[in-house]
file work-v2.txt (compact mmCIF, C-alpha atoms)
# COMPACT_ATOMS: atom_id res chain seq x y z
CA MET Z 142 -34.08 37.47 -61.20
CA GLY Z 143 -31.50 37.06 -58.43
CA THR Z 144 -32.19 35.65 -54.99
CA THR Z 145 -31.27 37.37 -51.82
CA PRO Z 146 -29.10 35.11 -49.63
CA VAL Z 147 -30.65 34.20 -46.32
CA THR Z 148 -28.32 34.64 -43.40
CA THR Z 149 -28.89 32.80 -40.19
CA PRO Z 150 -28.10 34.93 -37.19
CA ALA Z 151 -25.30 33.57 -34.98
CA PRO Z 152 -26.55 32.02 -31.78
CA PRO Z 153 -25.97 34.19 -28.79
CA LYS Z 154 -22.86 33.42 -26.83
CA PRO Z 155 -23.48 31.82 -23.45
CA PRO Z 156 -22.96 34.08 -20.50
CA PHE Z 157 -19.41 34.38 -19.19
CA VAL Z 158 -20.08 32.33 -16.06
CA ARG Z 159 -21.49 29.49 -18.13
CA ARG Z 160 -18.54 29.58 -20.55
CA ALA Z 161 -16.14 29.48 -17.63
CA TRP Z 162 -17.96 26.53 -16.08
CA LEU Z 163 -17.91 24.59 -19.34
CA ALA Z 164 -14.16 25.18 -19.66
CA VAL Z 165 -13.54 24.07 -16.07
CA ARG Z 166 -15.76 21.02 -16.51
CA ARG Z 167 -13.77 19.91 -19.54
CA ARG Z 168 -10.73 19.80 -17.30
CA ILE Z 169 -12.33 18.54 -14.09
CA VAL Z 170 -13.97 15.45 -15.54
CA PRO Z 171 -10.82 13.77 -16.97
CA TYR Z 172 -8.74 14.67 -13.91
CA SER Z 173 -11.46 13.34 -11.60
CA ILE Z 174 -11.54 10.09 -13.51
CA LEU Z 175 -7.75 9.87 -13.32
CA TYR Z 176 -7.80 10.53 -9.56
CA VAL Z 177 -10.42 7.83 -8.99
CA LEU Z 178 -8.30 5.38 -10.98
CA VAL Z 179 -5.20 6.27 -8.93
CA VAL Z 180 -7.07 5.81 -5.64
CA GLY Z 181 -8.55 2.54 -6.85
CA GLY Z 182 -5.13 1.29 -7.95
CA PHE Z 183 -3.62 2.19 -4.59
CA MET Z 184 -6.37 0.33 -2.76
CA TRP Z 185 -6.00 -2.69 -5.07
CA PHE Z 186 -2.23 -2.89 -4.58
CA GLU Z 187 -2.15 -1.75 -0.93
CA ASN Z 188 -0.91 -5.04 0.49
CA THR Z 189 1.81 -5.25 -2.17
CA LEU Z 190 2.99 -1.75 -1.24
CA VAL Z 191 2.81 -2.32 2.52
CA PHE Z 192 4.30 -5.82 2.70
CA ARG Z 193 7.39 -6.04 0.52
CA ALA Z 194 7.96 -9.63 1.52
CA CYS Z 195 11.17 -11.35 0.53
CA THR Z 196 11.13 -15.14 0.71
CA ALA Z 197 14.20 -17.21 1.53
CA ALA Z 198 14.23 -18.46 -2.07
CA GLU Z 199 14.59 -14.87 -3.28
CA SER Z 200 17.27 -13.78 -0.82
CA TRP Z 201 18.78 -15.32 2.28
CA ARG Z 202 21.96 -14.37 4.14
CA ALA Z 203 23.97 -16.60 6.44
CA PRO Z 204 24.38 -15.46 10.08
CA HIS Z 205 28.08 -14.59 9.76
CA ASP Z 206 30.05 -14.25 13.03
CA MET Z 207 26.97 -15.16 15.03
CA VAL Z 208 25.67 -18.37 16.55
CA ALA Z 209 22.05 -18.45 15.40
CA GLU Z 210 19.78 -21.43 15.97
CA ASP Z 211 16.67 -22.04 13.88
CA ALA Z 212 13.45 -21.52 15.81
CA ARG Z 213 10.19 -22.89 14.49
CA PHE Z 214 6.72 -22.28 15.87
CA LYS Z 215 3.13 -21.81 14.71
CA SER Z 216 0.75 -18.89 14.92
CA ALA Z 217 -2.74 -19.36 16.34
CA ASP Z 218 -4.15 -20.18 12.89
CA GLY Z 219 -1.53 -22.88 12.32
CA THR Z 220 0.78 -20.90 10.01
CA GLU Z 221 4.34 -22.26 10.14
CA LEU Z 222 6.78 -19.54 11.24
CA HIS Z 223 10.56 -19.35 11.33
CA GLY Z 224 13.03 -17.39 13.41
CA TRP Z 225 16.66 -17.16 14.49
CA TRP Z 226 17.51 -17.55 18.17
CA VAL Z 227 20.79 -16.14 19.46
CA PRO Z 228 21.20 -17.16 23.13
CA PRO Z 229 22.40 -14.67 25.78
CA THR Z 230 26.14 -14.48 26.44
CA LYS Z 231 25.80 -12.94 29.90
CA PRO Z 232 24.63 -15.01 32.89
CA GLY Z 233 21.12 -14.10 33.95
CA ALA Z 234 20.54 -11.93 30.89
CA GLY Z 235 17.25 -11.71 29.05
CA ALA Z 236 16.58 -11.28 25.35
CA PHE Z 237 15.30 -8.97 22.64
CA LEU Z 238 12.25 -9.96 20.62
CA PHE Z 239 12.75 -8.26 17.27
CA SER Z 240 10.01 -7.35 14.77
CA HIS Z 241 11.54 -6.17 11.51
CA GLY Z 242 10.34 -3.68 8.89
CA ASN Z 243 8.21 -4.33 5.83
CA GLY Z 244 11.03 -5.24 3.42
CA GLY Z 245 13.49 -8.12 3.21
CA ASN Z 246 13.44 -10.83 5.86
CA LEU Z 247 15.07 -11.60 9.19
CA SER Z 248 18.38 -12.69 7.63
CA HIS Z 249 18.92 -9.10 6.42
CA ARG Z 250 19.05 -7.95 10.07
CA GLY Z 251 22.07 -10.01 11.12
CA SER Z 252 24.26 -6.96 11.79
CA LEU Z 253 21.65 -5.56 14.18
CA ALA Z 254 21.49 -8.86 16.04
CA ARG Z 255 25.28 -9.10 16.33
CA ALA Z 256 25.67 -5.52 17.55
CA LEU Z 257 22.96 -5.71 20.20
CA THR Z 258 24.01 -9.07 21.59
CA GLN Z 259 27.68 -8.05 21.75
CA LEU Z 260 26.92 -4.72 23.45
CA THR Z 261 24.42 -6.00 25.98
CA GLY Z 262 25.05 -9.72 26.44
CA GLU Z 263 21.31 -10.24 25.89
CA GLY Z 264 19.95 -12.87 23.57
CA ILE Z 265 17.75 -12.05 20.60
CA LEU Z 266 14.94 -13.78 18.75
CA LEU Z 267 14.40 -12.56 15.20
CA TYR Z 268 11.33 -13.92 13.43
CA ASP Z 269 9.63 -13.56 10.07
CA TYR Z 270 6.03 -12.64 9.43
CA PRO Z 271 3.86 -14.87 7.21
CA GLY Z 272 5.16 -14.81 3.64
CA TYR Z 273 8.65 -13.66 4.64
CA GLY Z 274 11.82 -15.75 4.72
CA HIS Z 275 11.06 -19.36 5.61
CA SER Z 276 7.65 -18.56 7.13
CA GLY Z 277 4.52 -19.84 5.43
CA GLY Z 278 1.31 -18.03 4.65
CA VAL Z 279 0.73 -14.57 3.21
CA PRO Z 280 1.41 -11.28 5.01
CA SER Z 281 -1.34 -9.23 6.63
CA GLU Z 282 -1.68 -6.92 9.62
CA ALA Z 283 -3.47 -9.60 11.65
CA GLY Z 284 -0.85 -12.14 10.57
CA CYS Z 285 1.95 -9.90 11.84
CA TYR Z 286 0.30 -9.60 15.24
CA ALA Z 287 -0.33 -13.35 15.42
CA SER Z 288 3.28 -14.15 14.50
CA ALA Z 289 4.52 -11.76 17.22
CA ASP Z 290 2.34 -13.56 19.76
CA ALA Z 291 3.74 -16.93 18.66
CA ALA Z 292 7.32 -15.65 18.83
CA TYR Z 293 6.67 -14.19 22.29
CA ASP Z 294 5.28 -17.49 23.55
CA TRP Z 295 8.32 -19.35 22.16
CA LEU Z 296 10.74 -16.89 23.74
CA THR Z 297 9.08 -16.70 27.15
CA ALA Z 298 9.42 -20.46 27.43
CA LYS Z 299 13.17 -19.74 27.63
CA VAL Z 300 13.31 -16.25 29.15
CA PRO Z 301 11.00 -14.79 31.83
CA PRO Z 302 8.64 -12.14 30.43
CA ASN Z 303 10.12 -9.45 32.69
CA ARG Z 304 13.47 -9.93 30.91
CA VAL Z 305 12.10 -9.57 27.38
CA VAL Z 306 12.86 -6.33 25.52
CA ILE Z 307 10.29 -5.87 22.76
CA LEU Z 308 12.05 -4.25 19.80
CA GLY Z 309 10.51 -3.00 16.57
CA GLU Z 310 11.86 -1.33 13.43
CA SER Z 311 9.70 0.76 11.07
CA LEU Z 312 6.54 -1.28 10.35
CA GLY Z 313 7.77 -3.69 13.01
CA GLY Z 314 7.32 -0.86 15.48
CA GLY Z 315 3.58 -1.13 14.95
CA VAL Z 316 3.82 -4.86 15.64
CA ALA Z 317 5.98 -4.26 18.72
CA VAL Z 318 3.65 -1.64 20.21
CA ASP Z 319 0.65 -3.92 19.74
CA LEU Z 320 2.48 -6.75 21.50
CA ALA Z 321 3.77 -4.53 24.31
CA SER Z 322 0.27 -3.17 24.90
CA ARG Z 323 -0.93 -6.69 25.71
CA LYS Z 324 2.04 -8.67 27.05
CA ASP Z 325 4.38 -8.24 29.99
CA HIS Z 326 7.92 -7.19 29.13
CA ARG Z 327 11.00 -5.39 30.44
CA ALA Z 328 11.13 -2.48 27.98
CA LEU Z 329 9.92 -1.34 24.57
CA VAL Z 330 12.46 -0.12 21.98
CA LEU Z 331 11.37 1.44 18.67
CA PHE Z 332 13.42 2.52 15.66
CA CYS Z 333 12.04 4.92 13.00
CA THR Z 334 8.42 3.95 13.49
CA PHE Z 335 5.12 5.81 13.09
CA THR Z 336 1.94 6.79 14.90
CA THR Z 337 -0.24 4.98 12.36
CA LEU Z 338 0.52 3.49 8.97
CA PRO Z 339 -1.93 5.83 7.16
CA ALA Z 340 -0.13 8.82 8.72
CA ALA Z 341 3.19 7.52 7.38
CA ALA Z 342 1.64 6.86 3.96
CA LYS Z 343 0.26 10.41 3.90
CA GLY Z 344 3.82 11.70 4.00
CA ARG Z 345 4.61 9.75 0.83
CA PHE Z 346 1.26 10.28 -0.92
CA PRO Z 347 -0.09 13.65 0.31
CA PHE Z 348 -2.74 13.76 -2.45
CA LEU Z 349 -4.43 10.51 -1.33
CA PRO Z 350 -7.02 10.13 1.48
CA THR Z 351 -4.88 7.52 3.23
CA HIS Z 352 -6.63 7.82 6.60
CA THR Z 353 -9.95 6.75 5.14
CA MET Z 354 -8.93 4.39 2.33
CA MET Z 355 -6.24 2.20 3.92
CA ARG Z 356 -7.22 -1.15 5.42
CA ASN Z 357 -3.87 -1.71 7.15
CA ARG Z 358 -3.74 0.56 10.19
CA PHE Z 359 -0.98 -0.48 12.63
CA ASP Z 360 -2.41 2.13 14.99
CA SER Z 361 0.35 2.51 17.57
CA LEU Z 362 -0.92 5.92 18.68
CA SER Z 363 -4.07 4.42 20.18
CA LYS Z 364 -2.17 1.61 21.90
CA ILE Z 365 1.03 3.10 23.29
CA ASP Z 366 -0.64 4.49 26.39
CA ARG Z 367 -1.10 0.86 27.47
CA CYS Z 368 2.67 0.23 27.26
CA ARG Z 369 3.60 0.87 30.87
CA ARG Z 370 7.19 -0.32 30.82
CA PRO Z 371 10.15 1.94 29.93
CA THR Z 372 10.08 3.07 26.29
CA PHE Z 373 12.99 4.10 24.07
CA ILE Z 374 12.39 5.65 20.64
CA ALA Z 375 15.08 6.57 18.09
CA HIS Z 376 14.30 8.47 14.90
CA GLY Z 377 16.39 10.09 12.18
CA THR Z 378 15.82 13.77 11.38
CA ASN Z 379 16.17 13.10 7.64
CA ASP Z 380 13.71 10.22 7.51
CA TRP Z 381 11.49 10.79 4.46
CA THR Z 382 9.82 7.37 4.66
CA VAL Z 383 8.44 7.84 8.17
CA PRO Z 384 8.56 11.57 8.91
CA PHE Z 385 10.51 12.55 12.03
CA ARG Z 386 7.48 14.33 13.51
CA LEU Z 387 5.60 11.00 13.69
CA GLY Z 388 8.31 9.60 15.97
CA GLU Z 389 8.00 12.70 18.15
CA GLU Z 390 4.21 12.39 18.28
CA LEU Z 391 4.40 8.72 19.27
CA PHE Z 392 6.95 9.54 21.97
CA ALA Z 393 4.72 12.31 23.35
CA ALA Z 394 1.88 9.80 23.71
CA ALA Z 395 4.00 7.19 25.53
CA PRO Z 396 3.27 7.17 29.28
CA GLY Z 397 6.86 6.80 30.46
CA PRO Z 398 9.43 6.35 31.81
CA LYS Z 399 10.76 7.09 28.34
CA GLU Z 400 13.65 8.42 26.29
CA PHE Z 401 13.78 9.86 22.77
CA LEU Z 402 16.96 9.76 20.69
CA ARG Z 403 17.09 12.37 17.94
CA VAL Z 404 19.53 11.00 15.36
CA GLU Z 405 20.76 14.03 13.44
CA GLY Z 406 21.06 13.56 9.69
CA ALA Z 407 19.95 9.93 9.70
CA GLY Z 408 17.43 8.68 7.18
CA HIS Z 409 15.11 5.71 7.35
CA ASN Z 410 17.57 3.06 6.21
CA ASP Z 411 20.76 4.21 7.97
CA ILE Z 412 19.54 4.59 11.55
CA LEU Z 413 20.55 1.05 12.51
CA ARG Z 414 24.09 1.93 13.55
CA LYS Z 415 26.44 1.53 16.50
CA ASP Z 416 25.80 4.86 18.25
CA VAL Z 417 22.06 4.04 18.32
CA TYR Z 418 22.76 0.55 19.65
CA ARG Z 419 25.01 2.01 22.35
CA ALA Z 420 22.22 4.37 23.37
CA VAL Z 421 19.87 1.38 23.68
CA ALA Z 422 22.42 -0.46 25.83
CA ALA Z 423 22.79 2.59 28.10
CA PHE Z 424 19.01 2.93 28.38
CA LEU Z 425 18.63 -0.69 29.42
CA GLU Z 426 21.36 -0.29 32.06
CA THR Z 427 19.34 2.47 33.67
CA HIS Z 428 16.16 0.40 33.49
CA PRO Z 429 17.01 -3.07 34.83
CA THR Z 430 14.77 -6.11 34.80
CA ALA Z 431 11.13 -5.30 35.60
CA ASP Z 432 9.60 -6.55 38.83

call {"tool": "encode", "arguments": {"input": "work-v2.txt", "output": "structure tokens"}}
result
Amino acid sequence: MGTTPVTTPAPPKPPFVRRAWLAVRRRIVPYSILYVLVVGGFMWFENTLVFRACTAAESWRAPHDMVAEDARFKSADGTELHGWWVPPTKPGAGAFLFSHGNGGNLSHRGSLARALTQLTGEGILLYDYPGYGHSGGVPSEAGCYASADAAYDWLTAKVPPNRVVILGESLGGGVAVDLASRKDHRALVLFCTFTTLPAAAKGRFPFLPTHTMMRNRFDSLSKIDRCRRPTFIAHGTNDWTVPFRLGEELFAAAPGPKEFLRVEGAGHNDILRKDVYRAVAAFLETHPTAD
């Protein structure tokens, strides 16, 4: 006698909404994990990305066609710092105090120093942050500010504060604004710098919450209203490292007197050129030594 096969009824299919949610969840979970890992990696390596320090052992250039004296001083925490001092060539002239960007070291800015001193007759002190060039220590935002203070103290022992032009390039602009917001000076000059470092990072990493996750701030936007001396800002229209609009926003927040130089077609790394230096020289001629 044969047996009748028993068939098990198929389970009912889940409703459409549930099926859709299960499909989405299968995609969301791995991508969420990947995003968390990316954010965590960025936070872990933030200092490495921000401070691309180059020691003198890795790369060092001689000051060709320029008389540069070694300057050595210490920050408030005792960190040994190094700089180059190029004395003024014009009687009664003052000097630039230059804070460089996040890559290389001061020896890579020799052409800037030569051009500015030749055009203006002013002296210039270039210095390295902790961990850069011949300076000791490791780089940090606080260390950059402390090294600027030490360089300022060294320079103002030679040049009156009202003859010091505080100059900053890129990340060094954040250092320069911080210094100018606290110390007397003749003028503030900024090349291709930003409102805040997280705002600049957002331009490079639009998918990351840079404003909330970054520890390094360099918040020039909140400080520039305390910079009461004349301010000159130059920014390239094709700058993809620090978007041009950030230079415009920082300029708008500066109290004045002020001047903005729109450098057509210039990117982040080719703005340091003679026409920009000539514009700086002309700006300083119209804004003589502060009272």

call {"tool": "atom_distance", "arguments": {"input": "work-v2.txt", "atom1": "atom CA of Val330 of chain Z", "atom2": "atom CA of Ala197 of chain Z"}}
result
26.7 Å

call {"tool": "residues_around", "arguments": {"input": "work-v2.txt", "residues": "Ala217 of chain Z", "least_positions_apart": "5", "cutoff": "12 Å", "atoms": "only C-alpha atoms", "output": "PyMOL selection string"}}
result
chain Z and resi 222+283-292+294

call {"tool": "atom_distance", "arguments": {"input": "work-v2.txt", "atom1": "atom CA of Trp226 of chain Z", "atom2": "atom CA of Leu266 of chain Z"}}
result
4.6 Å

call {"tool": "atom_distance", "arguments": {"input": "work-v2.txt", "atom1": "atom CA of Leu253 of chain Z", "atom2": "atom CA of Leu413 of chain Z"}}
result
6.9 Å

call {"tool": "closest_residue", "arguments": {"input": "work-v2.txt", "among": "Z:Phe359, Z:Phe192, Z:Trp295, Z:Phe214", "to": "Asn246 of chain Z", "atoms": "only C-alpha atoms"}}
result
Z:Phe192

call {"tool": "residues_around", "arguments": {"input": "work-v2.txt", "residues": "Lys415 of chain Z", "least_positions_apart": "3", "cutoff": "9 Å", "atoms": "all atoms listed in the file", "output": "ChimeraX atom specification"}}
result
/Z:253,256-257,418-420

call {"tool": "residues_near_point", "arguments": {"input": "work-v2.txt", "point": "(21.0, -17.3, 21.4)", "cutoff": "8 Å", "atoms": "only C-alpha atoms", "output": "ChimeraX atom specification"}}
result
/Z:208-210,226-230,264-266

call {"tool": "closest_residue", "arguments": {"input": "work-v2.txt", "among": "Z:Thr378, Z:Thr336, Z:Ser252, Z:Thr261", "to": "Val421 of chain Z", "atoms": "all atoms listed in the file"}}
result
Z:Thr261

call {"tool": "closest_residue", "arguments": {"input": "work-v2.txt", "among": "Z:Leu190, Z:Ile412, Z:Val383, Z:Ala395", "to": "Gly344 of chain Z", "atoms": "only C-alpha atoms"}}
result
Z:Val383

call {"tool": "closest_residue", "arguments": {"input": "work-v2.txt", "among": "Z:Phe332, Z:His352, Z:Leu391, Z:Gly314", "to": "Gly408 of chain Z", "atoms": "all atoms listed in the file"}}
result
Z:Phe332

call {"tool": "residues_around", "arguments": {"input": "work-v2.txt", "residues": "Leu308 of chain Z", "least_positions_apart": "2", "cutoff": "6 Å", "atoms": "only C-alpha atoms", "output": "PyMOL selection string"}}
result
chain Z and resi 238-239+329-331

call {"tool": "axis_aligned_box", "arguments": {"input": "work-v2.txt", "around": "segment 269-285 of chain Z", "padding_each_side": "4 Å", "output": "AutoDock Vina command-line options"}}
result
--center_x 4.2 --center_y -13.4 --center_z 7.5 --size_x 23.3 --size_y 20.9 --size_z 16.6

call {"tool": "residues_near_point", "arguments": {"input": "work-v2.txt", "point": "(-2.6, -0.2, 16.5)", "cutoff": "9 Å", "atoms": "all atoms listed in the file", "output": "number ranges by chain"}}
result
Z: 315-316, 318-319, 336-338, 358-365
